[in-house]
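J.: I'd like to ask some things about the structure below.
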Protein chains: 2
Amino acid sequence: MAYTTKQSQAVLRCFEQRREESLTAAELAAELRRSGSSVGLATIYRHLDKLAASGQLHKVNTAEGAFYHLCAHTEDNHRDCFLLKCSRCGRIRHLDCTHLHDFYQHLEQEHHFRIDPRQTLFAGVCDLCNGEEATHGTT
Amino acid sequence: MAYTTKQSQAVLRCFEQRREESLTAAELAAELRRSGSSVGLATIYRHLDKLAASGQLHKVNTAEGAFYHLCAHTEDNHRDCFLLKCSRCGRIRHLDCTHLHDFYQHLEQEHHFRIDPRQTLFAGVCDLCNGEEATHGTT
DNA sequence: CTCCAATTTGAAAATGATTATCGTTCTCGA
DNA sequence: TCGAGAACGATAATCATTTTCAAATTGGAG
């Protein structure tokens with residue numbers, strides 16, 4: 001029913017090579033082109049959605065477009081995994097810690113809001129970009 | 001230098017009437033049309049950006065477009081204000097509490113990531129949509 | 001191995017939010 | 001009242017994503 005094609009293999013291979021690193025559809029297209037196995041954008045989007053639907057990839061929607069990445073965490077234990085998005089360089093970083101368990105529980109019990117940690121993005125400025133800012137500030 | 005026009009007044013008035021409620025540009029356009037003071041979309045975007053730049057409005061970028069709202073919190077004390085976004089109904093809700101101070105401090109000191117609470121959206125399902133879901137699940 | 005129906009592909013058009021363009025209109029101080 | 005600067009709004013442009021549809025590919029049956 002679901003055919004295996006060289007395009008579908010190329011897409012998945014690309015993610016397996018980079019583990020948790022997040023990619024946009026355009027970046028993936030560029031990467032595939034670079035590696036000689038060019039795939040049309042429409043096809044890329046189709047595979048990304050299929051992989052996300054099957055749970056093999058995580059899709060995170062942002063104002064700058066969607067990011068896709070492999071993630072070992074399942075829906076259940078994903079409360080230990082946070083996504084940090086740098087508004088300066090645009091990159092998404094993964095962070096593991098249990099710091100927010102209490103807060104999420106508080107939100108759910110007191111405010112009846114059930115968090116989806118996989119769609120929650122902490123926005124801010126990452127260490128690298130923070131350092132650059134300091135440099136710029138000097139006369 | 002900055003002229004006062006009936007359009008700029010209408011836009012700001014719309015937000016003042018709804019306090020912290022978030023609006024998209026399209027919703028604002030519809031609201032203004034309804035109230036008889038129709039304003040072109042281009043002009044609406046111009047005023048929204050101007051108001052956001054001057055700090056009178058907060059602009060939150062999401063995958064579904066930008067939301068704008070009045071918010072009493074300044075950049076400094078905004079760590080006490082959270083934005084919850086329901087992935088079901090799309091609405092953004094404000095929540096005041098100091099629960100995350102520690103986490104933000106941890107992120108900054110241990111992981112050198114400086115959070116911007118005004119751009120951070122906690123995604124999930126709000127109480128109302130949660131209730132509806134329960135109804136749907138029944139045979 | 002060949003055939004063929006079902007599936008996949010990709011170029012191009014459609015979509016939706018936002019921004020840029022550019023004459024026209026408005027505002028307000030001289 | 002005048003006029004320069006500012007604001008307006010219809011329209012075109014942009015950008016990520018989705019849809020369309022004819023052509024190419026896949027894999028099971030014969």
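Chain labels follow the order of the structure tokens: the first chain is A, the next B, and so on; residue numbering restarts at 1 in every chain, and ligands are counted from 1 in their shown order.
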List the neighbours of DG10 (chain C) out to 10 Å using only C-alpha atoms (C1' of nucleotides); skip same-chain residues closer than 2 positions along the sequence, and give me the result as a VMD selection string.

T.: (chain A and resid 39 to 43) or (chain C and resid 8 12) or (chain D and resid 23)

J.: Export N, CA and C atoms (P, O5', C5', C4', C3', O3' and C1' of nucleotides) of the chosen residues as a JSON list (two decimals), in the first residue's frame?

T.:
```
[["chain", "number", "residue", "atom", "x", "y", "z"],
["A", 39, "VAL", "N", 15.10, 16.21, -4.57],
["A", 39, "VAL", "CA", 13.69, 15.82, -4.45],
["A", 39, "VAL", "C", 12.84, 17.08, -4.52],
["A", 40, "GLY", "N", 11.74, 17.02, -5.26],
["A", 40, "GLY", "CA", 10.85, 18.17, -5.39],
["A", 40, "GLY", "C", 10.28, 18.61, -4.07],
["A", 41, "LEU", "N", 10.04, 19.89, -3.91],
["A", 41, "LEU", "CA", 9.53, 20.43, -2.65],
["A", 41, "LEU", "C", 8.20, 19.81, -2.26],
["A", 42, "ALA", "N", 7.30, 19.66, -3.22],
["A", 42, "ALA", "CA", 6.00, 19.08, -2.92],
["A", 42, "ALA", "C", 6.17, 17.69, -2.33],
["A", 43, "THR", "N", 7.05, 16.92, -2.92],
["A", 43, "THR", "CA", 7.30, 15.57, -2.43],
["A", 43, "THR", "C", 7.91, 15.59, -1.04],
["C", 8, "DT", "P", 2.18, 6.05, -1.99],
["C", 8, "DT", "O5'", 3.13, 6.79, -3.05],
["C", 8, "DT", "C5'", 4.17, 6.04, -3.67],
["C", 8, "DT", "C4'", 4.95, 6.94, -4.61],
["C", 8, "DT", "C3'", 5.33, 8.30, -4.03],
["C", 8, "DT", "O3'", 6.71, 8.51, -4.27],
["C", 8, "DT", "C1'", 4.27, 8.58, -6.12],
["C", 12, "DA", "P", 7.39, 24.61, -14.47],
["C", 12, "DA", "O5'", 5.88, 24.90, -14.09],
["C", 12, "DA", "C5'", 4.84, 24.05, -14.58],
["C", 12, "DA", "C4'", 3.54, 24.49, -13.96],
["C", 12, "DA", "C3'", 3.47, 25.99, -13.67],
["C", 12, "DA", "O3'", 2.14, 26.45, -13.89],
["C", 12, "DA", "C1'", 3.14, 24.82, -11.68],
["D", 23, "DA", "P", 0.75, 13.55, -19.88],
["D", 23, "DA", "O5'", 2.06, 13.04, -19.13],
["D", 23, "DA", "C5'", 3.07, 13.98, -18.76],
["D", 23, "DA", "C4'", 4.10, 13.29, -17.89],
["D", 23, "DA", "C3'", 4.59, 11.95, -18.43],
["D", 23, "DA", "O3'", 5.98, 11.83, -18.19],
["D", 23, "DA", "C1'", 3.68, 11.63, -16.29]]
```

J.: Tell me, as number ranges by chain, which residues lie within 10 Å of DG16 (chain C), counting only C-alpha atoms (C1' of nucleotides); anything in the same chain fewer than 6 positions away does not count.

T.: B: 64-65; D: 16-17

J.: Go ahead and write the selection's residues with N, CA and C atoms (P, O5', C5', C4', C3', O3' and C1' of nucleotides) as a compact mmCIF listing (two decimals), in the first residue's frame.

T.:
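The resulting file, selection22.txt, is shown below:
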```txt
# COMPACT_ATOMS: atom_id res chain seq x y z
N GLU B 64 0.11 30.45 12.92
CA GLU B 64 -1.16 30.82 12.29
C GLU B 64 -1.25 32.32 12.04
N GLY B 65 -0.15 33.01 12.23
CA GLY B 65 -0.16 34.44 12.03
C GLY B 65 0.11 35.17 13.33
P DA D 16 10.37 31.03 2.67
O5' DA D 16 9.26 30.06 3.27
C5' DA D 16 8.83 30.27 4.61
C4' DA D 16 7.54 29.52 4.82
C3' DA D 16 7.64 28.01 4.64
O3' DA D 16 6.93 27.38 5.69
C1' DA D 16 5.98 28.89 3.20
P DT D 17 6.95 25.79 5.78
O5' DT D 17 5.62 25.40 5.02
C5' DT D 17 4.38 25.90 5.51
C4' DT D 17 3.27 25.57 4.54
C3' DT D 17 3.14 24.09 4.18
O3' DT D 17 1.91 23.62 4.74
C1' DT D 17 2.85 25.50 2.29
```

J.: Check every residue of chain A for an atom within 8 Å of chain D, counting only C-alpha atoms (C1' of nucleotides), and provide those that qualify as number ranges by chain.

T.: A: 3-5, 65

J.: Please return, as a PyMOL selection string, all residues of chain C lying within 12 Å of chain A when only C-alpha atoms (C1' of nucleotides) are considered.

T.: chain C and resi 5-12+17-18

J.: With a distance cut-off of 12 Å and only C-alpha atoms (C1' of nucleotides), select the neighbouring residues of Glu108 (chain B), excluding the residue or stretch itself and same-chain residues fewer than 4 positions from it, and output the selection as a PDB file with N, CA and C atoms, in the first residue's frame.

T.:
```pdb
ATOM      1  N   LEU A  84      14.012  24.987  22.653  1.00  0.00           N
ATOM      2  CA  LEU A  84      14.390  26.387  22.778  1.00  0.00           C
ATOM      3  C   LEU A  84      14.597  26.931  21.376  1.00  0.00           C
ATOM      4  N   GLY A 124      13.756  32.947  22.837  1.00  0.00           N
ATOM      5  CA  GLY A 124      14.760  33.738  23.528  1.00  0.00           C
ATOM      6  C   GLY A 124      16.012  33.849  22.694  1.00  0.00           C
ATOM      7  N   VAL A 125      17.108  34.135  23.353  1.00  0.00           N
ATOM      8  CA  VAL A 125      18.375  34.296  22.652  1.00  0.00           C
ATOM      9  C   VAL A 125      19.364  33.268  23.177  1.00  0.00           C
ATOM     10  N   CYS A 126      19.928  32.503  22.297  1.00  0.00           N
ATOM     11  CA  CYS A 126      20.833  31.431  22.701  1.00  0.00           C
ATOM     12  C   CYS A 126      22.211  31.968  23.093  1.00  0.00           C
ATOM     13  N   ASP A 127      23.008  31.097  23.666  1.00  0.00           N
ATOM     14  CA  ASP A 127      24.308  31.513  24.186  1.00  0.00           C
ATOM     15  C   ASP A 127      25.190  32.140  23.122  1.00  0.00           C
ATOM     16  N   ASN A 130      23.918  35.519  22.126  1.00  0.00           N
ATOM     17  CA  ASN A 130      24.069  36.395  23.267  1.00  0.00           C
ATOM     18  C   ASN A 130      25.470  36.972  23.301  1.00  0.00           C
TER      19      ASN A 130
ATOM     20  N   HIS B 101       9.826  31.571  37.324  1.00  0.00           N
ATOM     21  CA  HIS B 101      11.020  32.344  37.631  1.00  0.00           C
ATOM     22  C   HIS B 101      12.255  31.454  37.720  1.00  0.00           C
ATOM     23  N   ASP B 102      12.112  30.396  38.523  1.00  0.00           N
ATOM     24  CA  ASP B 102      13.247  29.511  38.759  1.00  0.00           C
ATOM     25  C   ASP B 102      13.730  28.864  37.465  1.00  0.00           C
ATOM     26  N   PHE B 103      12.764  28.411  36.666  1.00  0.00           N
ATOM     27  CA  PHE B 103      13.131  27.743  35.426  1.00  0.00           C
ATOM     28  C   PHE B 103      13.859  28.693  34.483  1.00  0.00           C
ATOM     29  N   TYR B 104      13.373  29.905  34.371  1.00  0.00           N
ATOM     30  CA  TYR B 104      14.004  30.876  33.495  1.00  0.00           C
ATOM     31  C   TYR B 104      15.416  31.206  33.967  1.00  0.00           C
ATOM     32  N   HIS B 112      22.678  29.231  29.454  1.00  0.00           N
ATOM     33  CA  HIS B 112      22.980  30.478  28.754  1.00  0.00           C
ATOM     34  C   HIS B 112      21.955  30.804  27.684  1.00  0.00           C
ATOM     35  N   PHE B 113      20.719  30.506  27.980  1.00  0.00           N
ATOM     36  CA  PHE B 113      19.643  30.840  27.058  1.00  0.00           C
ATOM     37  C   PHE B 113      18.740  31.850  27.746  1.00  0.00           C
ATOM     38  N   ARG B 114      18.661  33.053  27.169  1.00  0.00           N
ATOM     39  CA  ARG B 114      17.859  34.088  27.802  1.00  0.00           C
ATOM     40  C   ARG B 114      16.451  34.110  27.219  1.00  0.00           C
ATOM     41  N   ILE B 115      15.496  33.700  28.029  1.00  0.00           N
ATOM     42  CA  ILE B 115      14.103  33.603  27.603  1.00  0.00           C
ATOM     43  C   ILE B 115      13.492  34.975  27.336  1.00  0.00           C
ATOM     44  N   ASP B 116      12.647  35.035  26.310  1.00  0.00           N
ATOM     45  CA  ASP B 116      11.799  36.208  26.103  1.00  0.00           C
ATOM     46  C   ASP B 116      10.359  35.758  26.343  1.00  0.00           C
TER      47      ASP B 116
END
```

J.: Using DSSP on the backbone coordinates, identify the residues of region 54-127 of chain A assigned to helix (DSSP H, G or I); present them as a ChimeraX atom specification.

T.: /A:76-80,101-111,127

J.: Keeping only C-alpha atoms, write the selected residues as a compact mmCIF listing (two decimals), in the first residue's frame.

T.:
```
# COMPACT_ATOMS: atom_id res chain seq x y z
CA ASP A 76 4.23 10.40 27.32
CA ASN A 77 7.75 11.19 28.39
CA HIS A 78 8.10 14.30 26.30
CA ARG A 79 7.57 16.47 29.33
CA ASP A 80 11.26 16.03 29.98
CA HIS A 101 6.81 18.93 35.61
CA ASP A 102 5.37 20.91 38.47
CA PHE A 103 4.40 23.85 36.31
CA TYR A 104 2.67 21.67 33.76
CA GLN A 105 0.80 19.90 36.51
CA HIS A 106 -0.19 23.24 37.99
CA LEU A 107 -1.48 24.44 34.63
CA GLU A 108 -3.51 21.32 34.15
CA GLN A 109 -5.01 21.08 37.62
CA GLU A 110 -5.51 24.74 38.48
CA HIS A 111 -6.10 26.24 35.06
CA ASP A 127 24.31 31.51 24.19
```

J.: Considering only C-alpha atoms, state which residue in the set B:Ile44, B:His94, B:Ser35, B:Leu83 is at the smallest distance from Thr62 (chain B).

T.: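 Among B:Ile44, B:His94, B:Ser35, B:Leu83, it is B:Leu83 that comes nearest to Thr62 (chain B).
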
J.: Run DSSP on the backbone of this structure and report the residues of chain B it assigns to strand (DSSP E or B), as a list in words.

T.: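 Going through chain B, the strand (DSSP E or B) residues come out as Leu23, His58, Lys59, Val60, Asn61, Thr62, Gly65, Ala66, Phe67, Tyr68, His69, Cys81, Phe82, Leu83, Leu84, Lys85, Cys86, Ile92, Arg93, His94, Leu95, Asp96, Arg114, Ile115, Leu121, Phe122, Ala123, Gly124 and Val125 of chain B.
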
J.: Smallest atom-to-atom distance to chain B: which of A:Asn61, A:Tyr68, A:His73, A:Val11, using only C-alpha atoms?

T.: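 Closest to chain B of all the choices is A:Asn61.
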
J.: Please, what distance in Å, to one decimal, runs between CA of Leu70 (chain B) and CA of Leu12 (chain B)?

T.: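 A separation of 9.5 Å between them.
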
J.: Grab the CA of Thr120 (chain A) to CA of Leu121 (chain B) distance for me, in Å with one decimal place.

T.: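 CA of Leu121 (chain B) lies 6.3 Å from CA of Thr120 (chain A).
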
J.: Find, counting only C-alpha atoms, the residue in B:Leu32, B:Ala66, B:Cys71, B:Cys89 that gets nearest to chain A.

T.: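 Smallest distance to chain A is found for B:Ala66.
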